[in-house]
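Notes for the one structure printed next.
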Amino acid sequence: MRRLLKFLHTMGSAGLLGAMASLVVLLSLSPAPSALAGYAATRGAMGAVATWIFLPALAVTLMSGLLAMALNRAFLNAGWAWVKLATGVLMFEGGLVYVQGPMKQEAERSARALAGLVDPAVLTVSLTGERGTLWVLLAVATANVALGIWRPRILRIPQ
């Protein structure tokens, strides 16, 4: 069970980092909303990455980490594991609120604008905010990977 959880946690982390890197690249290449067809296609791709790669990878990473902590007594006394737990919960909340939700909504809104159902003026251009959020989440996820590899002796929990 321990190896399975480690495998799931590692694969989830790889998927999460890859999804965020893909979203950063797509944001960088995203055309302005005035080029509606390209904008809608890019936003649709971003919504798909956020829904089908980012969110499942985030859930697998968090759940496998929680199960590993529950099943391995050594993790309960390791400060680095508690730091990873805290930042993992923040990643999950930030991922839902600031990445997956807004990207899915903008993908749907741009598709509706392309179909002529809504005015293209309603499309939000929050690329810098989204890019900043993704870079912060990438940094936190990278720090979590580093904590898992090096396991520093921080916040030693007394028994």
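In the structure tokens, each chain is lettered A, B, ... as it comes, each chain's residues begin at 1, and ligands are numbered from 1 in order of appearance.
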
Just want the 9 Å neighbourhood of Pro152 of chain A, counted on only C-alpha atoms, with same-chain residues fewer than 4 positions away dropped. Output as a PDB file with N, CA, C and O atoms, in the first residue's frame.
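Result went into around_22.pdb, see below:
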```
ATOM      1  N   ALA A  78       6.722  14.122  11.682  1.00  0.00           N
ATOM      2  CA  ALA A  78       7.635  14.848  10.805  1.00  0.00           C
ATOM      3  C   ALA A  78       7.041  16.219  10.456  1.00  0.00           C
ATOM      4  O   ALA A  78       5.962  16.303   9.875  1.00  0.00           O
ATOM      5  N   GLY A  79       7.767  17.252  10.801  1.00  0.00           N
ATOM      6  CA  GLY A  79       7.299  18.603  10.531  1.00  0.00           C
ATOM      7  C   GLY A  79       7.147  18.899   9.056  1.00  0.00           C
ATOM      8  O   GLY A  79       6.209  19.582   8.639  1.00  0.00           O
ATOM      9  N   TRP A  80       8.061  18.350   8.254  1.00  0.00           N
ATOM     10  CA  TRP A  80       7.989  18.603   6.812  1.00  0.00           C
ATOM     11  C   TRP A  80       6.692  18.063   6.227  1.00  0.00           C
ATOM     12  O   TRP A  80       6.124  18.646   5.300  1.00  0.00           O
ATOM     13  N   LEU A 147      10.387  19.464  -0.401  1.00  0.00           N
ATOM     14  CA  LEU A 147      10.185  18.966   0.968  1.00  0.00           C
ATOM     15  C   LEU A 147      10.086  17.445   0.987  1.00  0.00           C
ATOM     16  O   LEU A 147      10.617  16.792   1.881  1.00  0.00           O
ATOM     17  N   GLY A 148       9.389  16.879   0.015  1.00  0.00           N
ATOM     18  CA  GLY A 148       9.234  15.427  -0.045  1.00  0.00           C
ATOM     19  C   GLY A 148      10.530  14.705  -0.364  1.00  0.00           C
ATOM     20  O   GLY A 148      10.741  13.575   0.077  1.00  0.00           O
TER      21      GLY A 148
END
```

Restrict the calculation to only C-alpha atoms, then for each residue of segment 66-154 of chain A with any atom at most 8 Å from an atom of segment 32-51 of chain A give the closest atom pair and their distance in Å to one decimal, rows by chain and rising residue number, as a Markdown table.
```
| residue | atom | partner | partner_atom | distance |
| --- | --- | --- | --- | --- |
| A:Val99 | CA | A:Ala50 | CA | 7.0 |
| A:Gln100 | CA | A:Ala50 | CA | 5.0 |
| A:Met103 | CA | A:Gly47 | CA | 5.1 |
| A:Lys104 | CA | A:Gly47 | CA | 4.5 |
| A:Gln105 | CA | A:Gly47 | CA | 7.8 |
| A:Glu106 | CA | A:Arg43 | CA | 6.7 |
| A:Ala107 | CA | A:Gly44 | CA | 4.7 |
| A:Glu108 | CA | A:Gly44 | CA | 7.4 |
| A:Ser110 | CA | A:Ala40 | CA | 4.9 |
| A:Ala111 | CA | A:Ala40 | CA | 5.6 |
| A:Ala113 | CA | A:Leu36 | CA | 7.9 |
| A:Leu114 | CA | A:Leu36 | CA | 6.4 |
| A:Pro120 | CA | A:Pro33 | CA | 7.4 |
| A:Leu123 | CA | A:Pro33 | CA | 6.9 |
| A:Val125 | CA | A:Pro33 | CA | 7.5 |
```

With only C-alpha atoms as the atoms that count, which of A:Val24, A:Leu71, A:Ala14, A:Leu5 lies nearest to Asn144 of chain A?
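Closest residue, counting only C-alpha atoms: A:Ala14.
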
All alpha helix (DSSP H) residues (DSSP, backbone) inside chain A, as number ranges by chain
A: 2-29, 36-49, 55-71, 73-76, 79-94, 101-114, 127-150

Resulting file, chosen residues, C-alpha atoms, as a compact mmCIF listing (two decimals), in the first residue's frame:
```
# COMPACT_ATOMS: atom_id res chain seq x y z
CA ARG A 2 2.87 2.36 0.83
CA ARG A 3 4.42 1.98 -2.64
CA LEU A 4 1.06 2.50 -4.33
CA LEU A 5 0.49 5.73 -2.40
CA LYS A 6 4.00 6.93 -3.20
CA PHE A 7 3.43 6.14 -6.89
CA LEU A 8 0.08 7.95 -6.93
CA HIS A 9 1.54 10.94 -5.10
CA THR A 10 4.47 11.16 -7.52
CA MET A 11 2.29 10.78 -10.61
CA GLY A 12 -0.20 13.32 -9.29
CA SER A 13 2.61 15.79 -8.60
CA ALA A 14 4.03 15.31 -12.10
CA GLY A 15 0.60 15.84 -13.65
CA LEU A 16 -0.05 18.88 -11.49
CA LEU A 17 3.24 20.56 -12.37
CA GLY A 18 2.80 19.68 -16.05
CA ALA A 19 -0.74 21.05 -16.13
CA MET A 20 0.31 24.32 -14.52
CA ALA A 21 3.27 24.66 -16.90
CA SER A 22 0.93 24.02 -19.84
CA LEU A 23 -1.49 26.65 -18.59
CA VAL A 24 1.33 29.20 -18.25
CA VAL A 25 2.39 28.50 -21.86
CA LEU A 26 -1.20 28.73 -23.13
CA LEU A 27 -1.66 32.02 -21.27
CA SER A 28 1.50 33.37 -22.86
CA LEU A 29 0.30 32.42 -26.36
CA LEU A 36 -12.41 35.76 -30.98
CA ALA A 37 -11.88 32.43 -32.75
CA GLY A 38 -8.30 32.04 -31.51
CA TYR A 39 -9.18 33.33 -28.07
CA ALA A 40 -12.08 30.87 -27.73
CA ALA A 41 -9.93 27.97 -28.93
CA THR A 42 -7.14 28.80 -26.49
CA ARG A 43 -9.55 29.32 -23.62
CA GLY A 44 -11.28 26.05 -24.47
CA ALA A 45 -7.93 24.25 -24.32
CA MET A 46 -7.13 25.93 -21.01
CA GLY A 47 -10.51 24.93 -19.59
CA ALA A 48 -9.93 21.34 -20.69
CA VAL A 49 -6.45 21.22 -19.13
CA LEU A 55 -7.99 19.13 -11.00
CA PRO A 56 -7.66 15.29 -11.02
CA ALA A 57 -3.89 15.52 -10.50
CA LEU A 58 -4.42 17.93 -7.60
CA ALA A 59 -7.00 15.60 -6.03
CA VAL A 60 -4.81 12.49 -6.47
CA THR A 61 -1.81 14.27 -4.98
CA LEU A 62 -3.72 15.57 -1.96
CA MET A 63 -5.62 12.35 -1.26
CA SER A 64 -2.58 10.08 -1.62
CA GLY A 65 -0.60 12.39 0.65
CA LEU A 66 -3.34 12.37 3.28
CA LEU A 67 -3.63 8.58 3.14
CA ALA A 68 0.16 8.20 3.37
CA MET A 69 0.18 10.38 6.49
CA ALA A 70 -2.63 8.39 8.03
CA LEU A 71 -1.01 5.01 7.31
CA ARG A 73 3.18 6.78 11.76
CA ALA A 74 6.58 8.33 11.01
CA PHE A 75 4.89 11.07 8.97
CA LEU A 76 2.79 12.14 11.95
CA GLY A 79 7.30 18.60 10.53
CA TRP A 80 7.99 18.60 6.81
CA ALA A 81 4.94 16.37 6.27
CA TRP A 82 2.72 18.82 8.15
CA VAL A 83 4.09 21.72 6.09
CA LYS A 84 3.31 19.74 2.93
CA LEU A 85 -0.20 19.07 4.24
CA ALA A 86 -0.84 22.75 4.95
CA THR A 87 0.48 23.90 1.59
CA GLY A 88 -1.35 21.05 -0.16
CA VAL A 89 -4.67 22.22 1.27
CA LEU A 90 -3.84 25.78 0.16
CA MET A 91 -2.97 24.43 -3.30
CA PHE A 92 -6.32 22.65 -3.49
CA GLU A 93 -8.26 25.74 -2.46
CA GLY A 94 -6.23 28.03 -4.72
CA GLY A 101 -13.22 27.59 -11.81
CA PRO A 102 -12.31 30.82 -13.62
CA MET A 103 -10.66 29.01 -16.55
CA LYS A 104 -13.67 26.77 -17.06
CA GLN A 105 -16.04 29.76 -16.86
CA GLU A 106 -13.99 31.81 -19.33
CA ALA A 107 -13.84 28.85 -21.72
CA GLU A 108 -17.63 28.54 -21.63
CA ARG A 109 -18.11 32.31 -21.95
CA SER A 110 -15.75 32.57 -24.94
CA ALA A 111 -17.46 29.61 -26.66
CA ARG A 112 -20.82 31.33 -26.18
CA ALA A 113 -19.39 34.59 -27.55
CA LEU A 114 -18.05 32.74 -30.58
CA LEU A 127 -4.23 37.05 -18.05
CA THR A 128 -1.72 38.75 -15.74
CA GLY A 129 -3.70 37.74 -12.64
CA GLU A 130 -4.07 34.17 -13.84
CA ARG A 131 -0.41 34.00 -14.82
CA GLY A 132 0.65 35.31 -11.40
CA THR A 133 -1.57 32.80 -9.61
CA LEU A 134 -0.15 29.94 -11.66
CA TRP A 135 3.44 31.02 -10.95
CA VAL A 136 2.71 31.17 -7.20
CA LEU A 137 1.08 27.72 -7.29
CA LEU A 138 4.01 26.37 -9.33
CA ALA A 139 6.42 27.71 -6.71
CA VAL A 140 4.42 26.14 -3.86
CA ALA A 141 4.17 22.81 -5.71
CA THR A 142 7.91 22.86 -6.39
CA ALA A 143 8.58 23.59 -2.72
CA ASN A 144 6.36 20.62 -1.81
CA VAL A 145 8.36 18.36 -4.11
CA ALA A 146 11.58 19.63 -2.53
CA LEU A 147 10.18 18.97 0.97
CA GLY A 148 9.23 15.43 -0.04
CA ILE A 149 12.68 14.71 -1.48
CA TRP A 150 14.95 16.29 1.13
```

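Across the model, the gap from atom CA of Pro31 of chain A to atom CA of Asp119 of chain A is 17.5 Å.
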
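If you look at atom CA of Val118 of chain A and atom CA of Ser30 of chain A, they are 20.2 Å away from each other.
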